[in-house]
2 protein chains.
Amino acid sequence: MSSLKTVSLNFDFINHLIDNNLREEVLQGQFGLEKENARVDKDGNLALTPHPKAFGNKNDNPYIQTDFSESQIEMITPVFNSIEETYHFLDALQDIVTQELIEADEYLWTSSNPPVLPNDEDIPLAKMEDPLEEMYRTQLAQKYGRKKQLLSGIHYNFSFNEGFLKKLYETSQSKEDYKQFKDGLYLKVARNILKYRWLLIYLTGASPVFNKSYIEQCVALSHHMDEDSHYFPNMNSLRNSVCGYRNEKPLNVSFNSIEEYVADLRNLVQSKELLSAKEFYSPIRLKTAKGENQLLELLDDGIAYLELRMFDLNPLYKNGISLEIMQFIHVFLVYMLVKHDEPFNKEEQQLANKNLDTLMLEGLQAKLWDKDNAVSMEEQAVEILDSMQEMLRLIKPEDEQIINLLDHTKKTIVNPELSYASIVKSELQSSSYLHYHLNKAKEYANYSLGAGYKLAGYEDLELSTQLLLKAAVKRGIKFEIIDRDENFVVLTKGDHKEYVKQATKTSLDSYSTVLIMENKIVTKKVLKQYGIRVPGGSDYRNLHEAMLDYEVHRNQKIVIKPKSTNFGLGITIFTNSFTIDDYRQAFEMAFEHDRTVLLEEFVTGKEYRFLVMGDEVVGILHRVPANIVGDGIHTIEHLIHEKNKDPLRGKGYRTPLERIQLGEAERMFLKNQSKNPLDIPKLGEIIYLRENSNISTGGDSIDFTDEIPSSYKEIAIQSAKAAGATFCGVDMIINQIDHEATDQNYSIIEINFNPAIHIHCYPYQGINRKADDKILDLLFGELD
Amino acid sequence: MSSLKTVSLNFDFINHLIDNNLREEVLQGQFGLEKENARVDKDGNLALTPHPKAFGNKNDNPYIQTDFSESQIEMITPVFNSIEETYHFLDALQDIVTQELIEADEYLWTSSNPPVLPNDEDIPLAKMEDPLEEMYRTQLAQKYGRKKQLLSGIHYNFSFNEGFLKKLYETSQSKEDYKQFKDGLYLKVARNILKYRWLLIYLTGASPVFNKSYIEQCVALSHHMDEDSHYFPNMNSLRNSVCGYRNEKPLNVSFNSIEEYVADLRNLVQSKELLSAKEFYSPIRLKTAKGENQLLELLDDGIAYLELRMFDLNPLYKNGISLEIMQFIHVFLVYMLVKHDEPFNKEEQQLANKNLDTLMLEGLQAKLWDKDNAVSMEEQAVEILDSMQEMLRLIKPEDEQIINLLDHTKKTIVNPELSYASIVKSELQSSSYLHYHLNKAKEYANYSLGAGYKLAGYEDLELSTQLLLKAAVKRGIKFEIIDRDENFVVLTKGDHKEYVKQATKTSLDSYSTVLIMENKIVTKKVLKQYGIRVPGGSDYRNLHEAMLDYEVHRNQKIVIKPKSTNFGLGITIFTNSFTIDDYRQAFEMAFEHDRTVLLEEFVTGKEYRFLVMGDEVVGILHRVPANIVGDGIHTIEHLIHEKNKDPLRGKGYRTPLERIQLGEAERMFLKNQSKNPLDIPKLGEIIYLRENSNISTGGDSIDFTDEIPSSYKEIAIQSAKAAGATFCGVDMIINQIDHEATDQNYSIIEINFNPAIHIHCYPYQGINRKADDKILDLLFGELD
């Protein structure tokens with residue numbers, strides 16, 4: 001290794017950061033990702049089906065679109081202030097898209113290189129509403145071929161913290177204005193990225209092998225791994241190679257100033273070398289805030305962020321990228337700002353291109369073209385990583401994790417077999433390009449399916465809210481969390497805004513409707529007025545009134561309870577005969593808890609939760625106390641353990657079901673049945689572990705949506721209408737669900753104005769009733 | 001007095017009541033009142049103006065209508081289960097009507113006898129929508145003359161408790177069906193009432209004197225009290241005399257059975273003796289539940305209640321009747337059921353009529369026509385009252401109040417000068433019929449005005465709800481209280497129902513709107529999005545985040561507070577410079593109270609409450625701390641005492657303002673100003689007694705609706721619109737109200753989703769902004 005350092009930090013700049021309290025801030029920034037994946041069928045062929053309808057109108061969906069081809073899904077995260085949030089959102093998008101595709105037995109292809117492709121002309125172009133957009137794609141198809149366009153990758157968008165840039169400007173005594181100053185910084189970073197991109201591409205490249213259906217010329221020049229799988233010996237990223245997606249010939253576009261950059265691009269378009277400025281396939285793009293007419297806006301408003309376009313999908317990670325690589329890229333970007341400036345004119349640009357091509361052909365051992373002393377890429381890579389570590393030790397010494405990450409990165413330099421591309425190639429050797437990536441795709445699809453109800457990065461929200469947001473993202477409704485603790489969000493589609501709290505508290509219910517449902521006495525009165533059966537009874541405001549009615553109730557089964565029931569305190573149930581003294585005592589006790597006491601008919605039957613949305617019963621659930629079913633072999637304890645393995649079961653309301661405990665209450669309940677946890681129940685024998693059926697104590701939720709006669713559904717809908725409710729849970733007691741509803745065989749015991757939806761989407765038994773989608777249908781209209 | 005009792009109880013019946021546990025229930029019942037008053041101008045002339053528009057469409061208003069004449073207001077209470085509720089509702093109606101009339105300097109004439117009348121043909125008939133109704137009144141006017149129709153009175157509607165009647169039927173082993181049994185009971189009561197009505201009329205008669213503008217013939221036959229005031233010596237109720245409102249000749253209508261009753265009335269109509277069945281001016285009417293076609297319904301459905309029509313307006317009481325008289329009538333009705341049955345055919349009916357006429361001419365000393373032994377009315381009256389007492393001692397011995405009431409009633413029998421009519425006549429002698437009643441009318445109008453914000457019988461409700469219900473009653477919107485503790489009501493107009501809680505929680509606000517307003521962080525975010533100025537600031541979920549922003553805030557005036565502020569705990573205000581340690585400590589303290597801490601710009605200026613309803617600012621209030629203004633003569637203590645005499649001031653939120661206390665806090669506040677309660681402030685000097693401006697600690701509410709420039713009102717309306725609110729209170733800080741609003745000189749600090757309305761209707765300074773009416777305009781549409 002050479003002892004002469006060819007890269008070095010700008011210590012004046014670092015000291016300036018330290019002196020002006022900008023160490024933390026130089027490391028802040030905003031991050032966004034855009035990722036393309038080809039859709040494939042179950043055999044790894046490019047899916048020729050249209051972009052799924054569930055993703056709504058792709059022109060409107062800010063999160064899920066198509067790219068060049070109709071078969072290429074693009075996922076776009078919003079911009080976040082942290083890498084973690086951005087990464088989690090991509091994770092969420094990956095899950096959402098995968099869960100939808102899997103219903104059609106389709107998968108997200110995990111390689112940047114295309115799956116098995118049909119003939120070039122059979123690759124479907126993306127259908128666009130704008131005819132100009134469609135024409136542009138057709139022209140690209142003619143110019144580059146469709147196969148090449150199917151190379152997929154990840155774009156990494158980054159901007160520095162605006163506050164940091166402003167403070168840096170203020171403390172720099174620059175003679176430029178702020179826009180010039182800021183553009184200058186971004187251009188410096190862009191130039192350095194272009195120059196050192198060979199290292200980034202080496203570290204992130206993960207597409208060393210490709211299928212024989214790829215472009216004939218590349219296939220012909222390459223080596224065989226097996227009949228179908230092709231490769232070039234040292235090439236770790238086909239995309240970034242000459243076989244990848246590049247302009248037809250290298251274009252001279254200056255990154256020295258905005259003015260030069262814009263002038264060069266305008267010339268290229270005017271001379272018809274490019275169809276439009278966006279056909280400039282630079283590994284880095286200068287982006288403006290609005291992005292409607294980039295060139296004009298660049299001149300007027302300057303650079304808002306940089307788009308790095310050279311990253312491969314990494315098949316080793318479900319999401320195609322890891323959190324650590326995102327962190328590394330960020331540190332690399334900061335380093336590009338902090339290191340010494342170097343000239344980067346046409347010549348240096350060509351050398352940078354040459355270095356990359358050499359890396360692709362020869363690997364890290366090759367010498368750099370632009371160093372007089374002929375430093376190898378490996379040596380330079382280590383130097384750069386050392387210099388990055390030095391920078392971090394100066395500005396963020398406390399972050400050992402990131403410094404260690406750089407140590408690890410150095411290892412992948414000196415041990416090329418540790419690079420992603422090497423790992424992929426070696427793992428792939430035991431199967432084939434096709435099977436390896438298809439297996440990965442299916443494996444990741446299973447992970448995504450398992451994530452089910454969760455929205456990555458938002459696991460602190462209620463499950464119902466997570467589901468709603470997932471459904472929103474899926475169809476391209478933007479969301480913003482306006483009070484995280486309260487699960488309060490704004491959903492936005494174009495000009496249409498909806499404020500939603502806890503998934504079902506929306507603008508579609510009026511305040512008075514909620515107040516009706518909130519109040520048990522009022523709910524009963526309103527339902528009764530509409531001829532709906534509620535437990536008979538009265539409310540009393542003093543003992544005297546109550547005693548007057550003793551005669552009326554003496555032979556009934558009744559419940560006496562305070563109007564506001566807290567933890568069941570003050571409730572008496574009389575199911576047999578009772579004396580006037582029993583009756584008085586029950587009221588006296590209840591009046592200790594509330595000024596108003598309710599006497600209610602005691603209703604027998606099973607309780608069902610009807611989830612009403614609009615004019616529809618979306619789901620019906622019945623809850624069953626915690627239980628296991630014997631198999632004649634295992635103990636109760638073992639069966640509980642087995643049942644708890646269901647990923648739907650967890651602890652503390654973070655899952656649709658809770659694990660069954662075997663605590664004091666359960667043991668006591670078993671004991672009362674003369675059973676103990678080590679008993680082996682007979683095959684098919686149901687053993688209950690609790691009296692109460694709450695989900696929170698391990699109860700099961702059983703979907704009955706298709707079993708309950710529609711006459712009961714009609715009653716539930718009428719109940720909601722009586723209260724004026726759009727979204728509600730109607731709790732109905734039904735005697736026998738195999739009988740149609742009459743005036744006598746049901747009773748509505750409550751209407752809940754904030755019904756949980758996750759229980760209907762992820763029941764213990766039954767199918768997903770998609771209550772999340774229904775909410776959005778009602779708020780924003782159904783998908784076309 | 002005769003020792004031979006001519007009236008006696010049916011002891012078998014009483015024992016049956018006792019044995020079957022029906023003692024309480026025989027005394028239960030349902031009660032309603034209908035009362036007419038002539039409207040008069042400030043001089044006591046019949047008001048010739050139209051029925052006030054504020055009472056809405058009189059055909060729809062169930063509470064406030066006209067009777068025969070446009071100048072005759074009829075007030076109708078709903079049916080209640082207690083005399084108290086009924087009485088209070090009449091009280092409320094009296095206040096509501098009076099408060100409206102007084103705005104046009106009109107009054108409710110307090111006598112059953114008419115005020116100063118114009119010529120017969122100048123008395124305006126009530127304008128009716130239904131031309132048949134109008135024709136009927138025209139025919140009546142021709143048949144009886146208009147003056148007679150202006151005699152006004154009170155109808156008392158009564159039914160026994162349905163449960164009581166059913167139990168009585170079940171325990172009676174009657175051979176009749178239930179309808180026949182029930183009709184039989186009511187008919188018995190009706191016959192007895194007819195027979196003994198002379199006593200009721202004697203006890204309630206209160207119209208002994210009349211004006212010379214009354215019917216010429218009666219005036220001619222009567223005595224002069226002065227030039228204008230006429231009377232007949234023993235006549236206590238002109239209405240019930242031959243000069244009163246009777247059919248042209250006595251009509252034979254049997255009360256022995258429904259069938260006979262209906263047949264007789266039908267014959268009278270067929271023979272054209274009556275224009276319709278309702279022209280049968282019996283002192284008692286048999287009423288059905290629906291009342292659309294009484295005769296047909298009587299045959300089909302039977303009697304639902306009895307209407308007693310013989311009661312005079314009593315000028316000694318504001319409401320024309322007292323609670324005690326209502327109780328007496330009730331006991332009398334029960335007695336009519338419990339006493340021995342007596343035959344009551346055509347002959348007995350004529351004798352009863354004769355007895356009444358005799359009473360009117362000769363007074364209580366006259367002998368009864370129907371007793372062989374020629375008992376005097378006085379003797380018989382005492383016997384009846386004794387027998388009523390005996391009944392009460394058997395069925396309700398514990399109720400001394402009512403037994404004492406009967407003792408008092410007996411005194412008015414043996415001392416005729418104690419009767420209402422005698423008292424009225426004697427009080428009247430020092431002025432004149434006209435002046436006496438006009439003074440009474442104005443005196444009672446003042447009482448009603450003083451009742452102001454209160455709805456009689458509903459004083460336990462919040463003031464805002466009382467005001468809303470008053471406004472509803474005034475325009476004829478029915479109300480039902482569905483949860484009294486919660487101020488939850490249903491308002492009904494035809495088929496249109498509105499559920500309203502606490503006056504301003506209605507169907508016009510959506511749930512999400514309320515949730516936005518409920519949450520301070522969310523409110524601020526939403527207002528900001530709409531470009532409305534809110535105190536700047538941020539919310540933090542941990543100390544680290546907060547510390548990062550120290551630099552930004554170090555030179556600002558700021559407030560640091562927990563998201564949910566309870567009693568001001570955890571709040572720090574920095575109005576001067578502060579160190580990073582001060583800042584950290586403030587956050588640490590705030591985080592002890594909430595997971596989220598807000599940092600807000602400290603805004604200076606005065607706070608105003610804008611009451612926004614729909615697209616309008618209905619009122620603007622500014623609150624001032626408890627204070628008095630010196631007069632150079634009295635002490636602070638004395639001035640507080642004087643200020644507290646304002647009837648708007650009370651204790652415990654039952655009045656729009658609270659009394660100023662002179663407790664420890666106030667004395668300390670004075671002391672800090674080097675003042676003490678015995679100081680005499682200079683003329684015009686304002687002395688504050690509190691720092692805080694809360695109304696609850698004696699603060700003043702000052703109306704600024706007309707002082708605040710409309711630019712601020714526009715901002716308040718925009719704020720409401722941003723949150724989507726129909727009803728809300730916008731709290732705005734304004735620097736200087738004599739400057740128009742700019743982007744910088746105001747700040748919205750809160751939007752309240754349940755604004756009190758009473759403070760805008762009854763401010764300390766300023767006029768009634770009628771927010772109550774505005775709510776109804778928005779819920780039900782404006783009055784035509």
# chains A, B, ... in the order shown; residues from 1 in each chain; ligands from 1
>>> interface_residues(of="chain A", to="chain B", cutoff="6 Å", atoms="only C-alpha atoms", output="PyMOL selection string")
chain A and resi 499+506-507+509-512
>>> residues_around(residues="region 122-134 of chain B", least_positions_apart="4", cutoff="7 Å", atoms="only C-alpha atoms", output="PyMOL selection string")
chain B and resi 48+66-71+118+138+146
>>> residues_around(residues="Gly632 (chain B)", least_positions_apart="6", cutoff="7 Å", atoms="only C-alpha atoms", output="number ranges by chain")
B: 680-683
>>> select_by_dssp(residues="region 546-587 of chain B", states="alpha helix (DSSP H)", output="VMD selection string")
chain B and resid 546 to 548 550 to 553 580 to 587
>>> closest_residue(among="B:Ala503, B:Ala626, B:Leu323, B:Leu108", to="Asn446 (chain B)", atoms="only C-alpha atoms")
B:Leu108
>>> residues_around(residues="region 87-97 of chain A", least_positions_apart="6", cutoff="8 Å", atoms="only C-alpha atoms", output="PyMOL selection string")
chain A and resi 33+63-64+75-78+319+322-323+445+448-449+451-452+455-457+470+473-474
>>> residues_around(residues="Ile193 (chain A)", least_positions_apart="4", cutoff="10 Å", atoms="only C-alpha atoms", output="NGL selection string")
:A and (187-189 or 197-200 or 283-284 or 308 or 332-333 or 335-337 or 352)
>>> closest_residue(among="B:Gly766, B:Lys35, B:Ala546, B:Leu611", to="Gln585 (chain B)", atoms="only C-alpha atoms")
B:Ala546
>>> closest_residue(among="B:Arg659, B:Lys396, B:Lys212, B:Lys42", to="Asn644 (chain B)", atoms="only C-alpha atoms")
B:Arg659
>>> residues_around(residues="region 353-358 of chain A", least_positions_apart="6", cutoff="12 Å", atoms="only C-alpha atoms", output="ChimeraX atom specification")
/A:193-202,205,234-244,246,249-252,282-283,310,346-347,364-371,374-377
>>> write_last_selection(atoms="N, CA and C atoms", output="compact mmCIF listing (two decimals), in the first residue's frame")
# COMPACT_ATOMS: atom_id res chain seq x y z
N ILE A 193 -18.75 12.92 -5.82
CA ILE A 193 -19.46 11.65 -5.97
C ILE A 193 -19.14 11.04 -7.34
N LEU A 194 -19.21 11.88 -8.36
CA LEU A 194 -18.92 11.37 -9.70
C LEU A 194 -17.50 10.77 -9.74
N LYS A 195 -16.59 11.47 -9.09
CA LYS A 195 -15.19 11.05 -9.13
C LYS A 195 -14.99 9.74 -8.37
N TYR A 196 -15.63 9.65 -7.21
CA TYR A 196 -15.38 8.49 -6.35
C TYR A 196 -16.52 7.46 -6.40
N ARG A 197 -17.36 7.58 -7.40
CA ARG A 197 -18.50 6.67 -7.44
C ARG A 197 -18.08 5.22 -7.64
N TRP A 198 -16.93 5.03 -8.24
CA TRP A 198 -16.46 3.64 -8.40
C TRP A 198 -16.45 2.93 -7.05
N LEU A 199 -16.12 3.66 -5.97
CA LEU A 199 -16.07 3.01 -4.66
C LEU A 199 -17.49 2.68 -4.17
N LEU A 200 -18.37 3.64 -4.32
CA LEU A 200 -19.77 3.40 -3.91
C LEU A 200 -20.35 2.22 -4.67
N ILE A 201 -20.06 2.18 -5.96
CA ILE A 201 -20.61 1.11 -6.80
C ILE A 201 -19.97 -0.22 -6.44
N TYR A 202 -18.70 -0.15 -6.11
CA TYR A 202 -18.05 -1.40 -5.68
C TYR A 202 -18.72 -1.93 -4.40
N GLY A 205 -22.65 -2.70 -5.32
CA GLY A 205 -22.98 -3.54 -6.47
C GLY A 205 -23.39 -4.93 -6.03
N ASN A 234 -15.20 -10.00 -13.19
CA ASN A 234 -15.02 -9.04 -12.09
C ASN A 234 -16.18 -8.04 -11.98
N MET A 235 -17.20 -8.22 -12.75
CA MET A 235 -18.26 -7.22 -12.81
C MET A 235 -19.26 -7.45 -11.68
N ASN A 236 -19.39 -6.45 -10.81
CA ASN A 236 -20.32 -6.64 -9.69
C ASN A 236 -21.65 -5.93 -9.90
N SER A 237 -21.74 -5.10 -10.93
CA SER A 237 -22.99 -4.38 -11.15
C SER A 237 -23.20 -4.20 -12.65
N LEU A 238 -23.98 -5.07 -13.23
CA LEU A 238 -24.24 -5.01 -14.67
C LEU A 238 -24.80 -3.65 -15.07
N ARG A 239 -25.69 -3.15 -14.23
CA ARG A 239 -26.31 -1.84 -14.48
C ARG A 239 -25.29 -0.74 -14.70
N ASN A 240 -24.23 -0.78 -13.91
CA ASN A 240 -23.26 0.29 -13.95
C ASN A 240 -22.14 0.02 -14.97
N SER A 241 -22.30 -1.06 -15.70
CA SER A 241 -21.27 -1.42 -16.68
C SER A 241 -21.69 -0.95 -18.08
N VAL A 242 -20.85 -1.25 -19.03
CA VAL A 242 -21.20 -0.90 -20.41
C VAL A 242 -22.46 -1.62 -20.87
N CYS A 243 -22.78 -2.76 -20.24
CA CYS A 243 -24.02 -3.47 -20.57
C CYS A 243 -25.22 -2.88 -19.85
N GLY A 244 -24.96 -1.86 -19.07
CA GLY A 244 -26.04 -1.28 -18.27
C GLY A 244 -26.74 -0.13 -18.97
N ARG A 246 -27.02 3.33 -19.91
CA ARG A 246 -26.21 4.54 -20.06
C ARG A 246 -26.70 5.29 -21.28
N LYS A 249 -23.63 7.60 -25.81
CA LYS A 249 -22.19 7.87 -25.68
C LYS A 249 -22.00 8.82 -24.51
N PRO A 250 -20.78 8.85 -23.98
CA PRO A 250 -20.55 9.74 -22.81
C PRO A 250 -20.87 11.18 -23.18
N LEU A 251 -21.57 11.87 -22.32
CA LEU A 251 -21.99 13.24 -22.59
C LEU A 251 -21.17 14.18 -21.73
N ASN A 252 -20.80 15.31 -22.32
CA ASN A 252 -20.07 16.30 -21.55
C ASN A 252 -21.03 17.28 -20.90
N SER A 282 -27.12 10.50 -15.83
CA SER A 282 -25.97 10.70 -14.96
C SER A 282 -26.18 9.88 -13.68
N PRO A 283 -25.09 9.37 -13.12
CA PRO A 283 -25.23 8.67 -11.84
C PRO A 283 -25.70 9.61 -10.72
N MET A 310 -27.07 5.26 -8.62
CA MET A 310 -26.23 4.15 -9.06
C MET A 310 -26.37 2.88 -8.22
N LYS A 346 -13.72 18.37 -17.78
CA LYS A 346 -14.04 17.33 -18.75
C LYS A 346 -13.08 16.13 -18.64
N GLU A 347 -11.83 16.45 -18.47
CA GLU A 347 -10.82 15.40 -18.42
C GLU A 347 -11.00 14.50 -17.19
N LEU A 364 -10.94 -4.63 -8.03
CA LEU A 364 -10.30 -3.64 -7.16
C LEU A 364 -8.79 -3.56 -7.30
N GLN A 365 -8.22 -4.60 -7.81
CA GLN A 365 -6.75 -4.59 -7.91
C GLN A 365 -6.26 -3.66 -9.00
N ALA A 366 -7.16 -3.23 -9.87
CA ALA A 366 -6.76 -2.35 -10.97
C ALA A 366 -6.22 -1.04 -10.43
N LYS A 367 -5.38 -0.42 -11.25
CA LYS A 367 -4.83 0.88 -10.87
C LYS A 367 -5.81 1.97 -11.27
N LEU A 368 -5.79 3.03 -10.53
CA LEU A 368 -6.60 4.19 -10.88
C LEU A 368 -5.97 4.92 -12.06
N TRP A 369 -6.80 5.41 -12.97
CA TRP A 369 -6.29 6.11 -14.15
C TRP A 369 -5.82 7.52 -13.82
N ASP A 370 -6.31 8.06 -12.81
CA ASP A 370 -6.06 9.49 -12.61
C ASP A 370 -4.97 9.77 -11.58
N LYS A 371 -4.28 8.76 -11.12
CA LYS A 371 -3.23 8.99 -10.14
C LYS A 371 -1.87 8.74 -10.81
N ALA A 374 -0.03 5.78 -9.76
CA ALA A 374 -0.64 4.50 -10.04
C ALA A 374 -1.04 3.72 -8.78
N VAL A 375 -1.84 4.40 -7.99
CA VAL A 375 -2.37 3.76 -6.77
C VAL A 375 -3.42 2.75 -7.20
N SER A 376 -3.50 1.63 -6.51
CA SER A 376 -4.56 0.68 -6.84
C SER A 376 -5.87 1.16 -6.22
N MET A 377 -6.98 0.69 -6.79
CA MET A 377 -8.29 1.06 -6.26
C MET A 377 -8.44 0.58 -4.83
>>> select_by_dssp(residues="region 193-373 of chain B", states="strand (DSSP E or B)", output="list in words")
Ser207, Val209, Phe210, Asn211, His223, His224, Ser229, His230, Tyr231, Ser237, Ile284, Arg285, Leu286, Lys287, Tyr305, Leu306, Glu307, Leu308, Arg309, Met310, Phe311, Asp312, Lys339 and Lys367 of chain B
>>> residues_around(residues="Leu662 (chain B)", least_positions_apart="6", cutoff="10 Å", atoms="only C-alpha atoms", output="list in words")
Ile636, Glu637, Ile640, His641, Met668, Leu670, Pro677 and Leu689 of chain B
